[in-house]
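Visitor: Quick one, entry.pdb (PDB, C-alpha atoms):
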```
ATOM      1  CA  MET A   1       2.947   4.117  17.047
ATOM      2  CA  PRO A   2       3.857   4.538  13.353
ATOM      3  CA  LEU A   3       0.877   4.366  11.020
ATOM      4  CA  ILE A   4       1.712   3.961   7.335
ATOM      5  CA  GLN A   5      -0.965   4.333   4.648
ATOM      6  CA  VAL A   6      -0.389   3.069   1.124
ATOM      7  CA  ASN A   7      -2.736   3.802  -1.774
ATOM      8  CA  ILE A   8      -2.504   1.423  -4.724
ATOM      9  CA  MET A   9      -4.711   0.469  -7.639
ATOM     10  CA  GLU A  10      -6.790  -2.645  -7.133
ATOM     11  CA  GLY A  11      -5.939  -5.898  -8.822
ATOM     12  CA  ARG A  12      -2.849  -7.231  -7.085
ATOM     13  CA  PRO A  13      -2.958 -10.727  -5.599
ATOM     14  CA  PRO A  14      -3.292 -11.064  -1.806
ATOM     15  CA  GLU A  15       0.227 -12.496  -1.469
ATOM     16  CA  LYS A  16       1.664  -9.281  -2.985
ATOM     17  CA  ILE A  17      -0.284  -7.159  -0.494
ATOM     18  CA  LYS A  18       0.961  -9.389   2.333
ATOM     19  CA  ALA A  19       4.576  -9.010   1.150
ATOM     20  CA  LEU A  20       4.125  -5.229   0.893
ATOM     21  CA  ILE A  21       2.856  -5.036   4.486
ATOM     22  CA  GLU A  22       5.723  -7.202   5.746
ATOM     23  CA  ASN A  23       8.401  -5.219   3.878
ATOM     24  CA  ILE A  24       7.047  -1.838   4.939
ATOM     25  CA  THR A  25       6.845  -3.012   8.549
ATOM     26  CA  ASP A  26      10.435  -4.262   8.495
ATOM     27  CA  THR A  27      11.667  -0.987   6.980
ATOM     28  CA  VAL A  28       9.860   1.115   9.584
ATOM     29  CA  VAL A  29      11.183  -1.050  12.424
ATOM     30  CA  GLU A  30      14.748  -0.748  11.122
ATOM     31  CA  THR A  31      14.578   2.964  10.297
ATOM     32  CA  LEU A  32      12.703   4.247  13.343
ATOM     33  CA  VAL A  33      13.972   1.624  15.809
ATOM     34  CA  VAL A  34      10.502   0.785  17.095
ATOM     35  CA  PRO A  35       8.972  -2.539  18.113
ATOM     36  CA  LYS A  36       7.356  -4.445  15.274
ATOM     37  CA  THR A  37       4.184  -4.727  17.335
ATOM     38  CA  SER A  38       3.767  -0.946  17.276
ATOM     39  CA  VAL A  39       3.753  -0.599  13.464
ATOM     40  CA  ARG A  40       0.434  -0.320  11.641
ATOM     41  CA  VAL A  41       0.123  -0.531   7.846
ATOM     42  CA  LEU A  42      -3.088   0.302   5.992
ATOM     43  CA  VAL A  43      -3.356  -0.628   2.321
ATOM     44  CA  ASN A  44      -6.104   1.160   0.428
ATOM     45  CA  GLU A  45      -6.943  -0.401  -2.921
ATOM     46  CA  MET A  46      -8.508   2.067  -5.312
ATOM     47  CA  PRO A  47     -10.598   1.110  -8.347
ATOM     48  CA  LYS A  48      -9.002   2.135 -11.647
ATOM     49  CA  THR A  49     -12.050   4.320 -12.257
ATOM     50  CA  HIS A  50     -11.066   6.361  -9.178
ATOM     51  CA  TRP A  51      -7.380   6.846 -10.065
ATOM     52  CA  GLY A  52      -6.525   9.574 -12.548
ATOM     53  CA  VAL A  53      -3.341  10.286 -14.476
ATOM     54  CA  ALA A  54      -3.052  13.443 -16.575
ATOM     55  CA  GLY A  55      -6.758  14.103 -16.122
ATOM     56  CA  VAL A  56      -7.892  10.686 -17.332
ATOM     57  CA  PRO A  57      -9.079   7.736 -15.225
ATOM     58  CA  VAL A  58      -6.654   4.833 -15.501
ATOM     59  CA  SER A  59      -9.568   2.629 -16.549
ATOM     60  CA  ASN A  60      -9.823   4.708 -19.757
ATOM     61  CA  ARG A  61      -6.120   4.667 -20.607
ATOM     62  CA  LYS A  62      -4.652   2.287 -23.137
TER      63      LYS A  62
END
```
Output the file's structure in the form of structure tokens.
Guide:
Amino acid sequence: MPLIQVNIMEGRPPEKIKALIENITDTVVETLVVPKTSVRVLVNEMPKTHWGVAGVPVSNRK
């Protein structure tokens, strides 16, 4: 059973998350030739205060 985890910053609308899950699932099914029912996708939304780039939280970047 493929399990795909995606970490993204919070703030995207639910319909974008839904589309992401659907597209990832379809890609895994096509690439690995597995049943759609066996694919699991976990989307972890991280607060911008918990995501750093170049040593600085994204929430502090301009």
Visitor: Go ahead and compute the interatomic distance for CA of Val29 (chain A) and CA of Val41 (chain A), in Å to one decimal.
Guide: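 We find that CA of Val29 (chain A) and CA of Val41 (chain A) lie 12.0 Å from each other.
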Visitor: Between A:Lys48, A:Ile21, A:Asp26, A:Val33, which one has atoms that come closest to Val6 (chain A), using all atoms listed in the file?
Guide: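 Of all the options, A:Ile21 lies closest to Val6 (chain A).
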Visitor: Ranking A:Ala19, A:Ile24, A:Val58, A:Val39 by minimum distance to Met1 (chain A) and counting only C-alpha atoms, which one comes first?
Guide: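 So, comparing all the options, the nearest one is A:Val39.
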Visitor: Between CA of Met46 (chain A) and CA of Glu22 (chain A), measure the distance and give it in Å to one decimal.
Guide: 20.3 Å
Visitor: Compare A:Glu15, A:Asn23, A:Glu10, A:Pro2 by their minimum atom-to-atom distance to Ser38 (chain A), counting only C-alpha atoms, and give me the closest one.
Guide: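 Checking each of A:Glu15, A:Asn23, A:Glu10, A:Pro2 against Ser38 (chain A), counting only C-alpha atoms, the winner is A:Pro2.
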Visitor: Considering all atoms listed in the file, can you say which of A:Val56, A:Val28, A:Leu3, A:Ile17 comes closest to Val43 (chain A)?
Guide: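 Between A:Val56, A:Val28, A:Leu3, A:Ile17, the residue approaching Val43 (chain A) most closely is A:Ile17.
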Visitor: May I ask for the distance between CA of Arg12 (chain A) and CA of Pro57 (chain A), given in Å to one decimal place?
Guide: 18.1 Å
Visitor: If we count all atoms listed in the file and set the cut-off at 8 Å, which residues sit around Thr49 (chain A), ignoring sequence neighbours fewer than 2 positions away in its own chain? Please answer as a PDB file with C-alpha atoms, in the coordinates of the input.
Guide:
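Below is the file out_30.pdb, written as the result:
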```pdb
ATOM      1  CA  PRO A  47     -10.598   1.110  -8.347  1.00  0.00           C
ATOM      2  CA  TRP A  51      -7.380   6.846 -10.065  1.00  0.00           C
ATOM      3  CA  GLY A  52      -6.525   9.574 -12.548  1.00  0.00           C
ATOM      4  CA  PRO A  57      -9.079   7.736 -15.225  1.00  0.00           C
ATOM      5  CA  VAL A  58      -6.654   4.833 -15.501  1.00  0.00           C
ATOM      6  CA  SER A  59      -9.568   2.629 -16.549  1.00  0.00           C
ATOM      7  CA  ASN A  60      -9.823   4.708 -19.757  1.00  0.00           C
TER       8      ASN A  60
END
```
Visitor: N, CA and C atoms for region 4-35 of chain A, written as a PDB file, in the frame of the given file, could you do that?
Guide:
```
ATOM      1  N   ILE A   4       1.342   3.746   8.727  1.00  0.00           N
ATOM      2  CA  ILE A   4       1.712   3.961   7.335  1.00  0.00           C
ATOM      3  C   ILE A   4       0.505   3.626   6.464  1.00  0.00           C
ATOM      4  N   GLN A   5       0.134   4.565   5.585  1.00  0.00           N
ATOM      5  CA  GLN A   5      -0.965   4.333   4.648  1.00  0.00           C
ATOM      6  C   GLN A   5      -0.410   4.270   3.231  1.00  0.00           C
ATOM      7  N   VAL A   6      -0.841   3.261   2.489  1.00  0.00           N
ATOM      8  CA  VAL A   6      -0.389   3.069   1.124  1.00  0.00           C
ATOM      9  C   VAL A   6      -1.626   3.003   0.232  1.00  0.00           C
ATOM     10  N   ASN A   7      -1.654   3.836  -0.798  1.00  0.00           N
ATOM     11  CA  ASN A   7      -2.736   3.802  -1.774  1.00  0.00           C
ATOM     12  C   ASN A   7      -2.211   3.162  -3.054  1.00  0.00           C
ATOM     13  N   ILE A   8      -2.886   2.099  -3.488  1.00  0.00           N
ATOM     14  CA  ILE A   8      -2.504   1.423  -4.724  1.00  0.00           C
ATOM     15  C   ILE A   8      -3.766   1.111  -5.520  1.00  0.00           C
ATOM     16  N   MET A   9      -3.579   0.884  -6.812  1.00  0.00           N
ATOM     17  CA  MET A   9      -4.711   0.469  -7.639  1.00  0.00           C
ATOM     18  C   MET A   9      -5.060  -0.980  -7.327  1.00  0.00           C
ATOM     19  N   GLU A  10      -6.335  -1.288  -7.401  1.00  0.00           N
ATOM     20  CA  GLU A  10      -6.790  -2.645  -7.133  1.00  0.00           C
ATOM     21  C   GLU A  10      -6.269  -3.604  -8.199  1.00  0.00           C
ATOM     22  N   GLY A  11      -6.267  -4.879  -7.844  1.00  0.00           N
ATOM     23  CA  GLY A  11      -5.939  -5.898  -8.822  1.00  0.00           C
ATOM     24  C   GLY A  11      -4.721  -6.741  -8.503  1.00  0.00           C
ATOM     25  N   ARG A  12      -4.015  -6.428  -7.436  1.00  0.00           N
ATOM     26  CA  ARG A  12      -2.849  -7.231  -7.085  1.00  0.00           C
ATOM     27  C   ARG A  12      -3.284  -8.425  -6.239  1.00  0.00           C
ATOM     28  N   PRO A  13      -2.587  -9.539  -6.379  1.00  0.00           N
ATOM     29  CA  PRO A  13      -2.958 -10.727  -5.599  1.00  0.00           C
ATOM     30  C   PRO A  13      -2.680 -10.523  -4.108  1.00  0.00           C
ATOM     31  N   PRO A  14      -3.448 -11.212  -3.258  1.00  0.00           N
ATOM     32  CA  PRO A  14      -3.292 -11.064  -1.806  1.00  0.00           C
ATOM     33  C   PRO A  14      -1.865 -11.303  -1.315  1.00  0.00           C
ATOM     34  N   GLU A  15      -1.143 -12.225  -1.925  1.00  0.00           N
ATOM     35  CA  GLU A  15       0.227 -12.496  -1.469  1.00  0.00           C
ATOM     36  C   GLU A  15       1.155 -11.302  -1.717  1.00  0.00           C
ATOM     37  N   LYS A  16       0.875 -10.494  -2.737  1.00  0.00           N
ATOM     38  CA  LYS A  16       1.664  -9.281  -2.985  1.00  0.00           C
ATOM     39  C   LYS A  16       1.367  -8.219  -1.924  1.00  0.00           C
ATOM     40  N   ILE A  17       0.103  -8.106  -1.539  1.00  0.00           N
ATOM     41  CA  ILE A  17      -0.284  -7.159  -0.494  1.00  0.00           C
ATOM     42  C   ILE A  17       0.366  -7.570   0.829  1.00  0.00           C
ATOM     43  N   LYS A  18       0.344  -8.861   1.113  1.00  0.00           N
ATOM     44  CA  LYS A  18       0.961  -9.389   2.333  1.00  0.00           C
ATOM     45  C   LYS A  18       2.453  -9.064   2.355  1.00  0.00           C
ATOM     46  N   ALA A  19       3.137  -9.299   1.234  1.00  0.00           N
ATOM     47  CA  ALA A  19       4.576  -9.010   1.150  1.00  0.00           C
ATOM     48  C   ALA A  19       4.842  -7.522   1.320  1.00  0.00           C
ATOM     49  N   LEU A  20       3.986  -6.678   0.752  1.00  0.00           N
ATOM     50  CA  LEU A  20       4.125  -5.229   0.893  1.00  0.00           C
ATOM     51  C   LEU A  20       4.040  -4.828   2.365  1.00  0.00           C
ATOM     52  N   ILE A  21       3.038  -5.348   3.063  1.00  0.00           N
ATOM     53  CA  ILE A  21       2.856  -5.036   4.486  1.00  0.00           C
ATOM     54  C   ILE A  21       4.075  -5.490   5.295  1.00  0.00           C
ATOM     55  N   GLU A  22       4.559  -6.683   5.023  1.00  0.00           N
ATOM     56  CA  GLU A  22       5.723  -7.202   5.746  1.00  0.00           C
ATOM     57  C   GLU A  22       6.962  -6.346   5.487  1.00  0.00           C
ATOM     58  N   ASN A  23       7.204  -5.995   4.229  1.00  0.00           N
ATOM     59  CA  ASN A  23       8.401  -5.219   3.878  1.00  0.00           C
ATOM     60  C   ASN A  23       8.347  -3.800   4.438  1.00  0.00           C
ATOM     61  N   ILE A  24       7.181  -3.177   4.369  1.00  0.00           N
ATOM     62  CA  ILE A  24       7.047  -1.838   4.939  1.00  0.00           C
ATOM     63  C   ILE A  24       7.269  -1.887   6.447  1.00  0.00           C
ATOM     64  N   THR A  25       6.677  -2.867   7.103  1.00  0.00           N
ATOM     65  CA  THR A  25       6.845  -3.012   8.549  1.00  0.00           C
ATOM     66  C   THR A  25       8.316  -3.168   8.911  1.00  0.00           C
ATOM     67  N   ASP A  26       9.017  -4.045   8.206  1.00  0.00           N
ATOM     68  CA  ASP A  26      10.435  -4.262   8.495  1.00  0.00           C
ATOM     69  C   ASP A  26      11.256  -2.985   8.290  1.00  0.00           C
ATOM     70  N   THR A  27      10.946  -2.235   7.248  1.00  0.00           N
ATOM     71  CA  THR A  27      11.667  -0.987   6.980  1.00  0.00           C
ATOM     72  C   THR A  27      11.429   0.038   8.077  1.00  0.00           C
ATOM     73  N   VAL A  28      10.180   0.162   8.523  1.00  0.00           N
ATOM     74  CA  VAL A  28       9.860   1.115   9.584  1.00  0.00           C
ATOM     75  C   VAL A  28      10.549   0.713  10.889  1.00  0.00           C
ATOM     76  N   VAL A  29      10.521  -0.563  11.201  1.00  0.00           N
ATOM     77  CA  VAL A  29      11.183  -1.050  12.424  1.00  0.00           C
ATOM     78  C   VAL A  29      12.670  -0.719  12.382  1.00  0.00           C
ATOM     79  N   GLU A  30      13.309  -0.994  11.256  1.00  0.00           N
ATOM     80  CA  GLU A  30      14.748  -0.748  11.122  1.00  0.00           C
ATOM     81  C   GLU A  30      15.072   0.750  11.134  1.00  0.00           C
ATOM     82  N   THR A  31      14.293   1.535  10.434  1.00  0.00           N
ATOM     83  CA  THR A  31      14.578   2.964  10.297  1.00  0.00           C
ATOM     84  C   THR A  31      14.280   3.750  11.567  1.00  0.00           C
ATOM     85  N   LEU A  32      13.131   3.476  12.175  1.00  0.00           N
ATOM     86  CA  LEU A  32      12.703   4.247  13.343  1.00  0.00           C
ATOM     87  C   LEU A  32      13.088   3.610  14.676  1.00  0.00           C
ATOM     88  N   VAL A  33      13.596   2.382  14.611  1.00  0.00           N
ATOM     89  CA  VAL A  33      13.972   1.624  15.809  1.00  0.00           C
ATOM     90  C   VAL A  33      12.788   1.573  16.777  1.00  0.00           C
ATOM     91  N   VAL A  34      11.716   0.972  16.295  1.00  0.00           N
ATOM     92  CA  VAL A  34      10.502   0.785  17.095  1.00  0.00           C
ATOM     93  C   VAL A  34      10.157  -0.697  17.110  1.00  0.00           C
ATOM     94  N   PRO A  35       9.389  -1.135  18.095  1.00  0.00           N
ATOM     95  CA  PRO A  35       8.972  -2.539  18.113  1.00  0.00           C
ATOM     96  C   PRO A  35       8.030  -2.851  16.946  1.00  0.00           C
TER      97      PRO A  35
END
```
